[in-house]
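Content type compact mmCIF, C-alpha atoms, from the file run-v8.txt:
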# COMPACT_ATOMS: atom_id res chain seq x y z
CA MET A 441 108.11 195.93 76.56
CA LEU A 442 108.23 192.82 78.72
CA ALA A 443 111.55 192.09 80.40
CA ARG A 444 112.20 188.54 81.56
CA ILE A 445 114.94 186.76 83.47
CA ASP A 446 115.21 183.23 82.14
CA CYS A 447 118.39 181.18 82.34
CA ARG A 448 117.18 179.23 79.29
CA LEU A 449 116.62 182.46 77.30
CA ILE A 450 114.59 181.52 74.18
CA HIS A 451 112.73 178.23 74.73
CA GLY A 452 109.27 176.65 74.63
CA GLN A 453 107.66 178.74 77.38
CA VAL A 454 108.73 181.98 75.77
CA VAL A 455 107.84 181.07 72.20
CA GLU A 456 104.60 179.22 72.96
CA THR A 457 103.15 181.39 75.74
CA TRP A 458 104.74 184.82 76.20
CA VAL A 459 105.03 185.69 72.53
CA PRO A 460 101.31 185.09 71.79
CA HIS A 461 100.23 186.48 75.17
CA THR A 462 102.02 189.79 74.64
CA SER A 463 101.55 189.79 70.81
CA ALA A 464 105.29 190.32 70.66
CA ASP A 465 106.89 190.62 67.26
CA SER A 466 110.47 190.85 68.43
CA LEU A 467 112.78 189.10 70.88
CA ILE A 468 115.90 190.81 72.16
CA VAL A 469 118.37 188.52 73.89
CA ALA A 470 121.00 190.43 75.83
CA ASN A 471 123.60 187.86 76.77
CA ASP A 472 127.38 188.00 76.46
CA ASP A 473 127.86 184.23 76.03
CA LEU A 474 125.34 183.89 73.21
CA ALA A 475 126.42 187.06 71.48
CA GLY A 476 129.84 185.42 71.06
CA ASN A 477 128.53 182.04 69.91
CA PRO A 478 127.01 182.12 66.39
CA PHE A 479 126.24 178.39 66.45
CA LEU A 480 124.16 178.52 69.65
CA ARG A 481 122.47 181.65 68.33
CA SER A 482 121.31 179.92 65.15
CA VAL A 483 120.11 176.92 67.15
CA MET A 484 118.04 179.16 69.39
CA GLU A 485 116.71 181.15 66.46
CA LEU A 486 115.48 178.01 64.66
CA ALA A 487 112.61 177.54 67.10
CA VAL A 488 111.25 181.07 66.66
CA PRO A 489 108.48 181.62 64.08
CA PRO A 490 109.77 183.58 61.05
CA ALA A 491 107.41 186.51 61.75
CA ILE A 492 109.27 187.26 64.99
CA ARG A 493 112.43 189.30 64.69
CA VAL A 494 115.25 188.03 66.90
CA ARG A 495 118.26 190.08 67.93
CA PHE A 496 121.19 188.95 70.04
CA CYS A 497 123.50 191.45 71.63
CA ARG A 498 126.08 191.81 74.37
CA LEU A 499 124.85 193.46 77.55
CA ASP A 500 126.85 196.61 76.81
CA GLU A 501 125.27 196.84 73.34
CA ALA A 502 121.71 196.38 74.51
CA ILE A 503 120.63 200.00 74.96
CA PRO A 504 120.95 201.03 71.28
CA VAL A 505 119.32 197.75 70.24
CA LEU A 506 116.36 198.40 72.56
CA ALA A 507 116.12 201.95 71.24
CA ALA A 508 116.10 200.73 67.63
CA ALA A 509 113.31 198.24 68.38
CA ASP A 510 111.39 201.01 70.09
CA ARG A 511 111.80 203.38 67.13
CA ASN A 512 110.49 200.63 64.81
CA GLY A 513 107.39 200.38 66.95
CA GLU A 514 108.17 196.74 67.76
CA ARG A 515 106.49 194.93 70.61
CA SER A 516 109.56 193.40 72.20
CA ILE A 517 110.37 190.88 74.84
CA LEU A 518 113.77 191.47 76.41
CA LEU A 519 115.44 188.30 77.69
CA VAL A 520 118.37 188.13 80.09
CA ALA A 521 119.83 185.10 81.84
CA SER A 522 120.36 186.46 85.35
CA ALA A 523 119.23 189.05 87.87
CA GLY A 524 122.69 190.62 87.68
CA ASP A 525 122.28 191.11 83.93
CA ALA A 526 118.90 192.76 84.50
CA VAL A 527 120.51 195.19 86.94
CA ALA A 528 123.30 195.96 84.47
CA LEU A 529 120.72 196.81 81.78
CA ARG A 530 118.59 198.93 84.11
CA LYS A 531 121.69 200.85 85.26
CA ALA A 532 122.63 201.42 81.62
CA GLY A 533 119.18 202.96 81.06
CA ALA A 534 116.90 200.15 79.85
CA GLY A 535 113.34 201.37 80.37
CA PHE A 536 111.51 198.36 81.77
CA ASN A 537 109.32 198.73 84.84
CA LEU A 538 107.95 195.19 84.92
CA LEU A 539 110.35 192.29 85.24
CA ASN A 540 109.24 188.74 84.97
CA ILE A 541 111.31 185.86 86.36
CA GLY A 542 110.68 182.59 84.56
CA ASN A 543 113.56 180.23 85.17
CA LEU A 544 116.60 180.47 87.42
CA HIS A 545 118.01 177.00 87.86
CA PHE A 546 118.84 175.30 91.13
CA ALA A 547 122.35 175.27 92.59
CA ALA A 548 123.71 174.52 96.05
CA GLY A 549 122.99 177.33 98.50
CA LYS A 550 120.05 178.72 96.54
CA VAL A 551 116.57 179.29 97.99
CA GLU A 552 113.53 177.82 96.23
CA ILE A 553 111.08 180.55 95.18
CA SER A 554 108.99 178.44 92.79
CA PRO A 555 109.54 175.01 91.20
CA SER A 556 111.58 176.64 88.43
CA VAL A 557 113.08 179.63 90.23
CA PHE A 558 115.87 179.52 92.81
CA PHE A 559 117.57 182.60 94.24
CA ALA A 560 121.19 182.93 95.37
CA PRO A 561 121.91 185.60 97.99
CA GLU A 562 123.17 187.96 95.25
CA ASP A 563 119.86 187.51 93.38
CA PHE A 564 117.97 188.88 96.41
CA ASP A 565 120.33 191.87 96.42
CA ALA A 566 120.02 192.46 92.66
CA LEU A 567 116.22 192.21 92.70
CA GLY A 568 116.04 194.37 95.82
CA TRP A 569 118.01 197.02 93.95
CA LEU A 570 115.61 196.79 90.99
CA ARG A 571 112.57 197.09 93.26
CA SER A 572 114.00 200.16 94.95
CA HIS A 573 114.39 201.65 91.47
CA GLY A 574 110.75 201.34 90.53
CA VAL A 575 110.75 197.90 88.88
CA THR A 576 107.94 195.49 89.74
CA VAL A 577 109.43 192.01 89.97
CA LEU A 578 107.15 189.00 89.48
CA VAL A 579 108.05 185.31 89.55
CA GLN A 580 105.92 183.95 86.71
CA GLY A 581 106.82 181.01 84.47
CA THR A 582 103.90 181.40 82.07
CA PRO A 583 101.25 184.15 81.66
CA PHE A 584 98.61 181.79 83.07
CA GLU A 585 100.21 181.59 86.50
CA SER A 586 99.46 184.45 88.79
CA GLY A 587 102.77 186.18 89.36
CA THR A 588 104.26 186.05 92.84
CA SER A 589 106.12 189.09 94.03
CA PHE A 590 109.45 187.92 95.41
CA ASP A 591 109.11 190.12 98.45
CA ALA A 592 106.28 188.04 99.83
CA GLU A 593 108.32 184.92 99.08
CA ARG A 594 111.25 186.19 101.07
CA GLU A 595 109.19 186.38 104.24
CA MET L 169 85.69 174.76 75.88
CA ILE L 170 86.93 171.86 73.79
CA GLY L 171 88.21 169.02 75.97
CA ALA L 172 90.88 166.45 75.25
CA VAL L 173 91.46 162.85 76.19
CA VAL L 174 94.96 161.53 75.57
CA VAL L 175 95.07 157.75 75.23
CA SER L 176 98.29 155.77 74.98
CA HIS L 177 100.10 152.53 75.48
CA GLY L 178 101.81 152.69 78.87
CA ALA L 179 102.16 155.94 80.80
CA PHE L 180 102.98 158.05 77.73
CA ALA L 181 99.61 159.86 77.94
CA THR L 182 100.04 160.95 81.56
CA GLU L 183 103.64 161.99 81.02
CA LEU L 184 102.85 163.84 77.78
CA VAL L 185 100.22 165.94 79.57
CA ARG L 186 102.67 166.53 82.41
CA ALA L 187 105.44 167.55 80.01
CA ALA L 188 103.17 170.00 78.18
CA GLY L 189 102.19 171.45 81.57
CA ILE L 190 105.83 172.30 82.24
CA ILE L 191 105.87 174.43 79.09
CA VAL L 192 102.45 176.11 79.01
CA GLY L 193 101.28 175.65 82.59
CA LYS L 194 98.51 173.35 83.82
CA ILE L 195 96.13 172.50 80.98
CA GLU L 196 92.43 172.56 81.87
CA GLY L 197 89.98 170.07 80.40
CA VAL L 198 92.47 167.28 79.67
CA VAL L 199 92.41 163.73 80.97
CA ALA L 200 95.09 161.11 80.26
CA VAL L 201 94.19 157.45 79.90
CA ASP L 202 97.15 155.09 80.23
CA ILE L 203 96.53 151.64 78.82
CA SER L 204 98.40 148.72 80.32
CA ALA L 205 98.84 145.32 78.68
CA ASP L 206 96.54 143.58 81.14
CA MET L 207 93.45 145.72 80.45
CA SER L 208 90.45 144.24 78.63
CA VAL L 209 88.94 146.04 75.65
CA GLU L 210 85.86 146.74 77.78
CA ALA L 211 87.97 148.23 80.55
CA ILE L 212 89.78 150.48 78.06
CA HIS L 213 86.51 151.50 76.46
CA ASP L 214 85.04 152.37 79.87
CA ALA L 215 88.13 154.33 80.89
CA VAL L 216 88.04 156.39 77.68
CA GLU L 217 84.29 156.94 77.94
CA GLY L 218 84.63 158.12 81.54
CA ALA L 219 87.40 160.49 80.51
CA VAL L 220 85.35 161.89 77.61
CA ARG L 221 82.44 162.51 79.96
CA THR L 222 84.74 164.32 82.39
CA VAL L 223 86.01 166.85 79.82
CA GLU L 224 82.93 167.21 77.58
CA ASP L 225 81.11 170.48 78.19
CA GLY L 226 79.25 170.96 74.91
CA ASP L 227 82.04 171.98 72.52
CA GLY L 228 83.26 168.46 71.77
CA VAL L 229 86.32 166.44 72.66
CA LEU L 230 89.58 165.64 70.90
CA LEU L 231 90.73 162.07 71.33
CA LEU L 232 94.49 162.29 71.01
CA THR L 233 95.99 158.82 70.57
CA ASP L 234 99.59 157.71 70.41
CA MET L 235 99.58 155.75 67.14
CA PHE L 236 97.27 155.14 64.21
CA GLY L 237 96.35 151.46 64.15
CA GLY L 238 97.09 150.89 67.82
CA THR L 239 94.52 149.88 70.44
CA PRO L 240 94.09 153.39 71.92
CA SER L 241 93.35 154.69 68.46
CA ASN L 242 91.09 151.78 67.47
CA ILE L 243 89.05 152.08 70.64
CA GLY L 244 88.97 155.85 70.26
CA LEU L 245 87.43 155.41 66.80
CA SER L 246 84.57 153.42 68.30
CA PHE L 247 83.31 156.67 69.88
CA LEU L 248 82.89 158.44 66.55
CA GLY L 249 79.27 157.35 66.08
CA THR L 250 78.15 157.97 69.65
CA HIS L 251 80.03 161.00 70.97
CA ARG L 252 81.05 164.40 69.63
CA VAL L 253 84.71 163.53 69.21
CA VAL L 254 87.48 163.83 66.63
CA VAL L 255 90.26 161.24 66.81
CA LEU L 256 93.74 162.59 66.12
CA THR L 257 96.52 160.01 66.01
CA GLY L 258 100.27 160.22 66.60
CA VAL L 259 100.04 162.93 69.24
CA ASN L 260 103.34 164.59 70.11
CA LEU L 261 104.51 167.29 72.52
CA PRO L 262 104.22 170.23 70.09
CA MET L 263 100.57 169.30 69.45
CA MET L 264 99.90 168.96 73.17
CA VAL L 265 101.43 172.40 73.79
CA LYS L 266 99.50 173.95 70.91
CA PHE L 267 96.16 172.51 72.08
CA PRO L 268 95.39 174.91 74.98
CA MET L 269 96.87 177.84 73.04
CA SER L 270 94.66 177.31 69.99
CA ARG L 271 91.28 176.07 71.19
CA GLU L 272 89.68 179.44 72.13
CA GLY L 273 86.73 180.08 69.85
CA MET L 274 87.67 177.38 67.37
CA PRO L 275 85.33 174.64 66.14
CA LEU L 276 86.39 171.08 66.97
CA ASP L 277 87.11 170.01 63.36
CA GLU L 278 89.20 173.09 62.65
CA LEU L 279 91.21 172.66 65.86
CA ALA L 280 91.90 169.03 64.94
CA ARG L 281 93.18 170.06 61.49
CA GLN L 282 95.41 172.79 62.96
CA LEU L 283 96.92 170.39 65.48
CA GLN L 284 97.48 167.82 62.73
CA GLU L 285 99.33 170.45 60.73
CA CYS L 286 101.32 171.49 63.82
CA GLY L 287 102.30 167.86 64.48
CA HIS L 288 103.48 167.38 60.89
CA ARG L 289 105.49 170.57 60.85
CA SER L 290 107.15 169.87 64.19
CA ILE L 291 109.13 166.86 62.98
CA MET L 292 112.38 168.06 61.49
CA ILE L 293 116.11 167.62 61.25
CA PRO L 294 117.42 170.92 62.63
CA GLY L 295 120.99 170.04 61.64
CA ASP L 296 119.95 170.16 57.98
CA MET L 297 118.21 173.50 58.51
CA LEU L 298 121.37 174.91 60.06
CA LYS L 299 123.45 173.63 57.15
CA LYS L 300 121.10 175.23 54.62
CA LYS L 301 121.14 178.49 56.55
CA ALA L 302 124.95 178.48 56.65
CA GLU L 303 125.14 177.92 52.86
CA LYS L 304 122.68 180.71 52.15
CA LYS L 305 124.10 183.31 54.51
CA PRO L 306 127.71 182.83 55.59
CA GLU L 307 128.41 184.19 59.09
CA LYS L 308 129.84 187.68 58.98
Here is a file; write its structure as structure tokens.
Amino acid sequence: MLARIDCRLIHGQVVETWVPHTSADSLIVANDDLAGNPFLRSVMELAVPPAIRVRFCRLDEAIPVLAAADRNGERSILLVASAGDAVALRKAGAGFNLLNIGNLHFAAGKVEISPSVFFAPEDFDALGWLRSHGVTVLVQGTPFESGTSFDAERE
Amino acid sequence: MIGAVVVSHGAFATELVRAAGIIVGKIEGVVAVDISADMSVEAIHDAVEGAVRTVEDGDGVLLLTDMFGGTPSNIGLSFLGTHRVVVLTGVNLPMMVKFPMSREGMPLDELARQLQECGHRSIMIPGDMLKKKAEKKPEK
């Protein structure tokens, strides 16, 4: 399973590059805002090819959803919108060891890591926690870019 | 590898390639030719020919033009007899994104047909799709 932090969740990069690259047949979006917004969910789902199963869930519902996908033998991509959400899922027991960071938008006080990824101080802390718990974190917008480990970027 | 030359009125070609690059990363083997109003037919022809030569490596070249019947398309068609090209008109962003994802191991003609299909399918009115979906399956 590929886990990805992307503030845009399902969008062109994911559907056009990561899905074919990983031969994924399921997308799991763990996001509290979307889980409570059926309209935005259907809009996001429209752009996904019909062969790909899409599930939306709240962060605290994600573990059983991941387990169900796993039992079905699905090749899943797990999408979360922030580093904090990734930490919450890992703490709850989500079994990803590779975490890909695609998009984290700019805001005042954030540090530029790549043209599409900006870290706030709490992102460094969250990703540091993940790294110390055995997760390899790579900043990688599309599969064709070589991933940059955020540790090197920090220095 | 199949190459592509995108030819357009104004800077659409350059910006289309740039936009696709944001989604799928930098696309290899693509050159954009922007046509401005002051260019002669010869100058446009030379620019397109130079671009074709740049991206041609034996597998052929797609000439993606902005509009059937427009100058980029008409001049593109003049290469049909002399170069291994297929002209595909009305290029849009979904086609541009699909191009690098689909060209591996595919013959030029087949790639052109797939991109044509992709371009057709990508034009929709999502609001209508949402309405239909809501009628079929009311939200629990």
Quiz item: Near chain L, which residues of chain A fall within 7 Å when you count all atoms listed in the file, and what do they look like as JSON, numbers by chain?
Solution: {"A": [452, 453, 457, 582, 584]}
Exercise. Could you please determine the separation between CA of Ser463 (chain A) and CA of Arg515 (chain A) in Å, to one decimal place?
Key: 7.1 Å
Practice problem: List every protein, DNA or RNA residue that has an atom no more than 8 Å from (92.1, 156.0, 72.5) in the file's coordinate frame, counting only C-alpha atoms, and report them as a count of residues only. | Solution: 18
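Nearest residue to Thr257 (chain L), choosing from L:Gly171, L:Gly287, L:Gly226, L:Gly189 and counting all atoms listed in the file: L:Gly287.
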Exercise. Between L:Gln284, L:Thr222, L:Ser204, L:Asn260, single out the one closest to Leu184 (chain L), counting only C-alpha atoms.
Key: L:Asn260
Self-check item: Test item: residues at most 10 Å from Ala491 (chain A), all atoms listed in the file, excluding those fewer than 6 positions along its chain, as a PyMOL selection string
Solution: chain A and resi 464-466
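With CA of Phe496 (chain A) on one side and CA of Asn540 (chain A) on the other, the separation reads 19.1 Å.
One distance worth recording is that between CA of His213 (chain L) and CA of Val253 (chain L), which is 14.2 Å.
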Quiz item: Got a sec: who's within 12 Å of Asp565 (chain A), counting only C-alpha atoms, leaving out chain neighbours fewer than 2 positions off, as JSON, numbers by chain?
Solution: {"A": [523, 524, 527, 559, 560, 561, 562, 563, 567, 568, 569, 570, 571, 572, 590, 591, 594]}
Quiz prompt | Shortest interatomic distance to Gly197 (chain L) - which of L:Val229, L:Ile212, L:Val259, L:Val223, counting all atoms listed in the file | solution = L:Val223
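For the choices L:Arg221, L:His251, L:His177, L:Lys300, the atom-to-atom distance to Val198 (chain L) is smallest for L:Arg221 when using all atoms listed in the file.
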Practice problem: Within 12 Å of region 554-558 of chain A, counting all atoms listed in the file, which residues show up once you throw out same-chain ones fewer than 6 positions away? Write them as a ChimeraX atom specification, please. | Solution: /A:445-448,453,522-523,540-548,564,578-582,585-590,593-594 /L:190-191,193
Exercise. Within 7 Å of Val575 (chain A), counting only C-alpha atoms, which residues show up once you throw out same-chain ones fewer than 6 positions away? Write them as an NGL selection string, please.
Key: :A and (537-539)
